[in-house]
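Read the structure below first, then the notes.
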Amino acid sequence: MEADTYLSIRSFSQGLYKDKGSRFISMAWPVTNQEEIKDILMQVRKEHHSARHCCYAWMLGHERDNFRLNDDGEPSGSAGKPIMGQINSFKLTNILIVVVRYFGGKLLGISGLINAYRSAAESAINNAEITEHRVMDYYKLSFPYSSINDVMKIIKDEEANQSDQSFDLECRMTISFRITQRNRILASLDRVSDLKYIHIGTY
C-alpha cells in the first residue's frame, strides 16, 4: 500500500467458531466514528442478550492509532486482544469486530479462549470484502475571479477533485486531493494572487 491509502471492509460480514459446545459468533462492520460503534454495540447486546459474553475490538483512522478492545468478563487478554490481533494481521482500520459467546458448559482454558476468539474474528474477516481507500485532504478556497485560470490549472495538473463551486467576483470552491500531494499543491496555491484556503478535514 502507498502512504496515503488504508484497508477496510466494504460491508457487514459474519463468521462462526465452535469448540466444546460453545459458539463464538463473530460480526464485523465498517465504521467511521465512535458514536456509530456505540450504537452497534448497544444493538448487538440487545439482539444477543442471552449470550454469556460480548467481546470486541475496533480501530479507527488511516494512521491506525485510535483503537479499543474489551474482554467483557472473559479472562484478561483472552478475547479483545486476539480479536485485535486479527485486525492488525490484515492491516485493517475503520472496523469493528464483535464476538458473542454462547457458553457450551465446558471451560476452554486461556489458550482455548484465545484460539476461539482469534478464529472467530478471522472467520468474519475472511467472509468480508477487503477494500483499499485513499486518504484525501479537503480544503475550502476563496479567490478573486481574476485568478480563476491559475486555480483551474493547478486543479487540472494535479488531478484534484472540486465541488461546491461558486464563481462570482469572489470565487469559492472545495477541493480534495491525496495527502501525499499536500505540500506541492499548497505551495502552488500560495503563489496564486489573493487566494485564501482553509483545511476542513482529512479522511
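By convention here, the chains of the C-alpha cells are called A, B, ... in the order presented, each chain's residues are numbered starting at 1, and ligands are numbered starting at 1 in the order presented.
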- Please identify all polymer residues within 9 Å of A:Ser163, counting only C-alpha atoms, omitting same-chain residues fewer than 4 positions from it, and present them as number ranges by chain. A: 173-176
- Which neighbours of stretch 22-31 of chain A fall inside 8 Å, counting only C-alpha atoms, when residues of the same chain fewer than 4 positions from it are skipped, and could you give them as a PyMOL selection string? chain A and resi 8-18+36-37+60+94-106+116-117+120-121+123-125
Store the residues picked out above, limited to N, CA and C atoms, as an mmCIF file, in the first residue's frame.
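part19.cif, freshly written:
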```cif
data_model
loop_
_atom_site.group_PDB
_atom_site.id
_atom_site.type_symbol
_atom_site.label_atom_id
_atom_site.label_comp_id
_atom_site.auth_asym_id
_atom_site.auth_seq_id
_atom_site.Cartn_x
_atom_site.Cartn_y
_atom_site.Cartn_z
ATOM 1 N N SER A 8 -9.917 -1.443 4.609
ATOM 2 C CA SER A 8 -11.071 -1.673 5.476
ATOM 3 C C SER A 8 -11.935 -2.737 4.807
ATOM 4 N N ILE A 9 -13.136 -2.962 5.350
ATOM 5 C CA ILE A 9 -14.066 -3.911 4.725
ATOM 6 C C ILE A 9 -15.206 -3.134 4.089
ATOM 7 N N ARG A 10 -15.774 -3.694 3.027
ATOM 8 C CA ARG A 10 -16.805 -2.974 2.278
ATOM 9 C C ARG A 10 -18.135 -2.939 3.017
ATOM 10 N N SER A 11 -18.507 -4.056 3.664
ATOM 11 C CA SER A 11 -19.817 -4.130 4.298
ATOM 12 C C SER A 11 -19.805 -5.157 5.429
ATOM 13 N N PHE A 12 -20.922 -5.253 6.113
ATOM 14 C CA PHE A 12 -21.069 -6.167 7.249
ATOM 15 C C PHE A 12 -20.790 -7.615 6.838
ATOM 16 N N SER A 13 -20.132 -8.344 7.725
ATOM 17 C CA SER A 13 -19.889 -9.770 7.477
ATOM 18 C C SER A 13 -19.956 -10.531 8.797
ATOM 19 N N GLN A 14 -20.136 -11.847 8.706
ATOM 20 C CA GLN A 14 -20.241 -12.694 9.891
ATOM 21 C C GLN A 14 -19.324 -13.900 9.781
ATOM 22 N N GLY A 15 -19.027 -14.485 10.946
ATOM 23 C CA GLY A 15 -18.256 -15.717 10.995
ATOM 24 C C GLY A 15 -18.706 -16.539 12.191
ATOM 25 N N LEU A 16 -18.199 -17.746 12.290
ATOM 26 C CA LEU A 16 -18.600 -18.636 13.379
ATOM 27 C C LEU A 16 -17.464 -19.583 13.723
ATOM 28 N N TYR A 17 -17.290 -19.822 15.034
ATOM 29 C CA TYR A 17 -16.325 -20.818 15.503
ATOM 30 C C TYR A 17 -16.979 -21.571 16.655
ATOM 31 N N LYS A 18 -16.800 -22.898 16.668
ATOM 32 C CA LYS A 18 -17.381 -23.736 17.721
ATOM 33 C C LYS A 18 -16.284 -24.543 18.408
ATOM 34 N N GLU A 36 -21.043 5.719 16.101
ATOM 35 C CA GLU A 36 -21.529 4.601 15.299
ATOM 36 C C GLU A 36 -21.224 3.277 16.002
ATOM 37 N N ILE A 37 -20.021 3.154 16.540
ATOM 38 C CA ILE A 37 -19.615 1.940 17.259
ATOM 39 C C ILE A 37 -20.495 1.723 18.486
ATOM 40 N N LEU A 60 -9.917 2.884 14.392
ATOM 41 C CA LEU A 60 -10.353 3.994 13.544
ATOM 42 C C LEU A 60 -9.155 4.801 13.050
ATOM 43 N N ASN A 94 -10.854 1.419 10.495
ATOM 44 C CA ASN A 94 -12.273 1.771 10.341
ATOM 45 C C ASN A 94 -13.120 0.502 10.367
ATOM 46 N N ILE A 95 -12.887 -0.297 11.400
ATOM 47 C CA ILE A 95 -13.563 -1.585 11.523
ATOM 48 C C ILE A 95 -13.889 -1.881 12.985
ATOM 49 N N LEU A 96 -15.035 -2.504 13.193
ATOM 50 C CA LEU A 96 -15.438 -3.023 14.498
ATOM 51 C C LEU A 96 -15.721 -4.511 14.343
ATOM 52 N N ILE A 97 -15.115 -5.313 15.215
ATOM 53 C CA ILE A 97 -15.417 -6.751 15.238
ATOM 54 C C ILE A 97 -15.930 -7.117 16.627
ATOM 55 N N VAL A 98 -17.106 -7.700 16.655
ATOM 56 C CA VAL A 98 -17.717 -8.176 17.899
ATOM 57 C C VAL A 98 -17.828 -9.691 17.831
ATOM 58 N N VAL A 99 -17.461 -10.356 18.917
ATOM 59 C CA VAL A 99 -17.635 -11.809 19.010
ATOM 60 C C VAL A 99 -18.484 -12.101 20.245
ATOM 61 N N VAL A 100 -19.670 -12.675 20.029
ATOM 62 C CA VAL A 100 -20.533 -13.046 21.147
ATOM 63 C C VAL A 100 -20.368 -14.544 21.405
ATOM 64 N N ARG A 101 -20.283 -14.895 22.680
ATOM 65 C CA ARG A 101 -20.074 -16.290 23.050
ATOM 66 C C ARG A 101 -21.298 -16.848 23.759
ATOM 67 N N TYR A 102 -21.810 -17.938 23.223
ATOM 68 C CA TYR A 102 -22.854 -18.706 23.894
ATOM 69 C C TYR A 102 -22.161 -19.910 24.538
ATOM 70 N N PHE A 103 -22.150 -19.916 25.873
ATOM 71 C CA PHE A 103 -21.376 -20.909 26.628
ATOM 72 C C PHE A 103 -21.954 -22.314 26.463
ATOM 73 N N GLY A 104 -21.059 -23.270 26.212
ATOM 74 C CA GLY A 104 -21.500 -24.648 25.980
ATOM 75 C C GLY A 104 -21.390 -25.562 27.181
ATOM 76 N N GLY A 105 -20.961 -25.006 28.321
ATOM 77 C CA GLY A 105 -20.919 -25.814 29.540
ATOM 78 C C GLY A 105 -19.547 -26.329 29.908
ATOM 79 N N LYS A 106 -18.591 -26.240 29.003
ATOM 80 C CA LYS A 106 -17.234 -26.716 29.288
ATOM 81 C C LYS A 106 -16.245 -25.563 29.166
ATOM 82 N N ALA A 116 -10.175 -19.448 20.165
ATOM 83 C CA ALA A 116 -11.570 -19.330 19.741
ATOM 84 C C ALA A 116 -11.892 -17.912 19.260
ATOM 85 N N TYR A 117 -11.496 -16.914 20.049
ATOM 86 C CA TYR A 117 -11.794 -15.531 19.655
ATOM 87 C C TYR A 117 -10.994 -15.111 18.421
ATOM 88 N N ALA A 120 -12.670 -16.926 15.412
ATOM 89 C CA ALA A 120 -13.969 -16.335 15.087
ATOM 90 C C ALA A 120 -13.785 -15.004 14.355
ATOM 91 N N ALA A 121 -12.869 -14.172 14.856
ATOM 92 C CA ALA A 121 -12.613 -12.884 14.211
ATOM 93 C C ALA A 121 -12.072 -13.089 12.798
ATOM 94 N N SER A 123 -12.630 -15.557 10.869
ATOM 95 C CA SER A 123 -13.723 -16.057 10.033
ATOM 96 C C SER A 123 -14.554 -14.903 9.468
ATOM 97 N N ALA A 124 -14.858 -13.906 10.323
ATOM 98 C CA ALA A 124 -15.651 -12.758 9.859
ATOM 99 C C ALA A 124 -14.886 -11.961 8.808
ATOM 100 N N ILE A 125 -13.579 -11.792 9.019
ATOM 101 C CA ILE A 125 -12.766 -11.034 8.051
ATOM 102 C C ILE A 125 -12.669 -11.793 6.727
#
```
- Query: When you draw a straight line from atom CA of A:Asp39 to atom CA of A:Val135, how long is it in Å?
  - Reply: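 Going from atom CA of A:Asp39 over to atom CA of A:Val135, I get 25.3 Å.
You will find atom CA of A:Asp72 at 19.2 Å from atom CA of A:Glu122.
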- Item | Point-to-point distance in Å for atom CA of A:Ser89 and atom CA of A:Ser111 |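 Separation of atom CA of A:Ser111 and atom CA of A:Ser89: 18.7 Å.
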Write down as a compact mmCIF listing (two decimals) with C-alpha atoms, in the first residue's frame the residues belonging to chain A that are assigned strand (DSSP E or B) by DSSP computed on the backbone.
```
# COMPACT_ATOMS: atom_id res chain seq x y z
CA THR A 5 -4.11 4.50 1.48
CA TYR A 6 -5.67 2.19 4.05
CA LEU A 7 -7.59 -1.08 4.08
CA SER A 8 -11.07 -1.67 5.48
CA ILE A 9 -14.07 -3.91 4.73
CA SER A 13 -19.89 -9.77 7.48
CA GLN A 14 -20.24 -12.69 9.89
CA GLY A 15 -18.26 -15.72 11.00
CA LEU A 16 -18.60 -18.64 13.38
CA TYR A 17 -16.33 -20.82 15.50
CA LYS A 18 -17.38 -23.74 17.72
CA ASP A 19 -15.48 -25.50 20.48
CA SER A 22 -19.54 -23.05 22.93
CA ARG A 23 -20.50 -20.98 19.91
CA PHE A 24 -18.50 -17.88 19.02
CA ILE A 25 -20.49 -15.74 16.58
CA SER A 26 -18.36 -13.00 15.02
CA MET A 27 -19.63 -9.87 13.31
CA ALA A 28 -17.61 -7.20 11.50
CA TRP A 29 -18.73 -3.73 10.41
CA PRO A 30 -17.04 -0.88 8.53
CA HIS A 53 -20.00 -12.62 26.68
CA CYS A 54 -19.95 -9.84 24.08
CA CYS A 55 -16.28 -9.10 23.35
CA TYR A 56 -14.98 -6.69 20.76
CA ALA A 57 -12.15 -4.67 19.26
CA TRP A 58 -12.24 -1.65 17.00
CA MET A 59 -9.81 0.59 15.16
CA LEU A 60 -10.35 3.99 13.54
CA ASN A 66 -7.27 5.08 17.60
CA PHE A 67 -8.44 1.72 18.95
CA ARG A 68 -10.03 -0.13 21.86
CA LEU A 69 -10.62 -3.71 22.93
CA ASN A 70 -12.86 -5.33 25.53
CA LEU A 92 -7.39 -3.09 8.66
CA ILE A 95 -13.56 -1.59 11.52
CA LEU A 96 -15.44 -3.02 14.50
CA ILE A 97 -15.42 -6.75 15.24
CA VAL A 98 -17.72 -8.18 17.90
CA VAL A 99 -17.64 -11.81 19.01
CA VAL A 100 -20.53 -13.05 21.15
CA ARG A 101 -20.07 -16.29 23.05
CA TYR A 102 -22.85 -18.71 23.89
CA ILE A 130 -11.43 -6.02 1.88
CA THR A 131 -11.17 -2.71 0.04
CA GLU A 132 -8.42 -0.11 -0.34
CA HIS A 133 -9.26 3.54 0.29
CA ARG A 134 -7.37 6.73 -0.44
CA MET A 136 -7.90 12.68 0.99
CA ASP A 137 -7.28 16.25 2.19
CA TYR A 138 -10.17 18.72 1.83
CA TYR A 139 -9.70 22.50 1.53
CA LYS A 140 -12.05 25.44 1.01
CA LEU A 141 -10.69 28.06 -1.38
CA SER A 142 -11.68 31.67 -1.92
CA PHE A 143 -10.08 33.86 -4.59
CA PRO A 144 -10.91 36.72 -6.99
CA ASN A 161 -11.32 16.99 -7.21
CA GLN A 162 -13.53 20.05 -6.96
CA SER A 163 -17.03 20.66 -5.58
CA ASP A 164 -19.29 23.36 -4.10
CA GLN A 165 -18.22 25.85 -6.74
CA SER A 166 -19.39 29.45 -6.76
CA GLU A 170 -15.27 36.36 -5.32
CA CYS A 171 -14.97 32.68 -6.24
CA ARG A 172 -15.31 29.81 -3.80
CA MET A 173 -14.84 26.07 -4.09
CA THR A 174 -13.88 22.95 -2.17
CA ILE A 175 -11.03 20.85 -3.49
CA SER A 176 -9.73 17.47 -2.39
CA PHE A 177 -6.55 15.58 -3.17
CA ARG A 178 -4.38 12.76 -1.87
CA LYS A 196 -7.06 32.03 0.73
CA TYR A 197 -7.62 28.44 1.82
CA ILE A 198 -8.87 26.64 4.93
CA HIS A 199 -8.24 22.99 5.74
CA ILE A 200 -11.58 21.33 6.52
CA GLY A 201 -10.60 17.71 7.06
CA THR A 202 -8.58 14.62 6.21
```
Please provide as a short mmCIF file (atom, residue, chain, number, x, y, z; two decimals) with C-alpha atoms, in the first residue's frame all residues within 12 Å of A:Arg184, with the sequence filter that same-chain residues fewer than 5 positions apart are discarded (counting only C-alpha atoms).
```
data_model
loop_
_atom_site.label_atom_id
_atom_site.label_comp_id
_atom_site.auth_asym_id
_atom_site.auth_seq_id
_atom_site.Cartn_x
_atom_site.Cartn_y
_atom_site.Cartn_z
CA ILE A 154 -3.43 23.67 -10.59
CA ILE A 155 -6.55 21.51 -10.21
CA ASP A 157 -2.35 19.49 -13.41
CA GLU A 158 -2.70 17.78 -10.02
CA ALA A 160 -7.58 17.26 -7.81
CA PHE A 177 -6.55 15.58 -3.17
CA ARG A 178 -4.38 12.76 -1.87
CA ILE A 179 -2.45 13.73 1.26
CA LEU A 189 -1.86 27.74 -4.26
CA ASP A 190 0.35 30.06 -2.20
CA ARG A 191 1.60 31.58 -5.47
#
```
- Message: With distances taken over only C-alpha atoms, which residue among A:His62, A:Arg118, A:Lys91, A:His48 lies nearest A:Ser78?
- Response: A:Arg118
- Tell me, which residues of chain A carry DSSP helix (DSSP H, G or I), written as a ChimeraX atom specification? /A:34-47,80-89,109-126,145-158,179-190
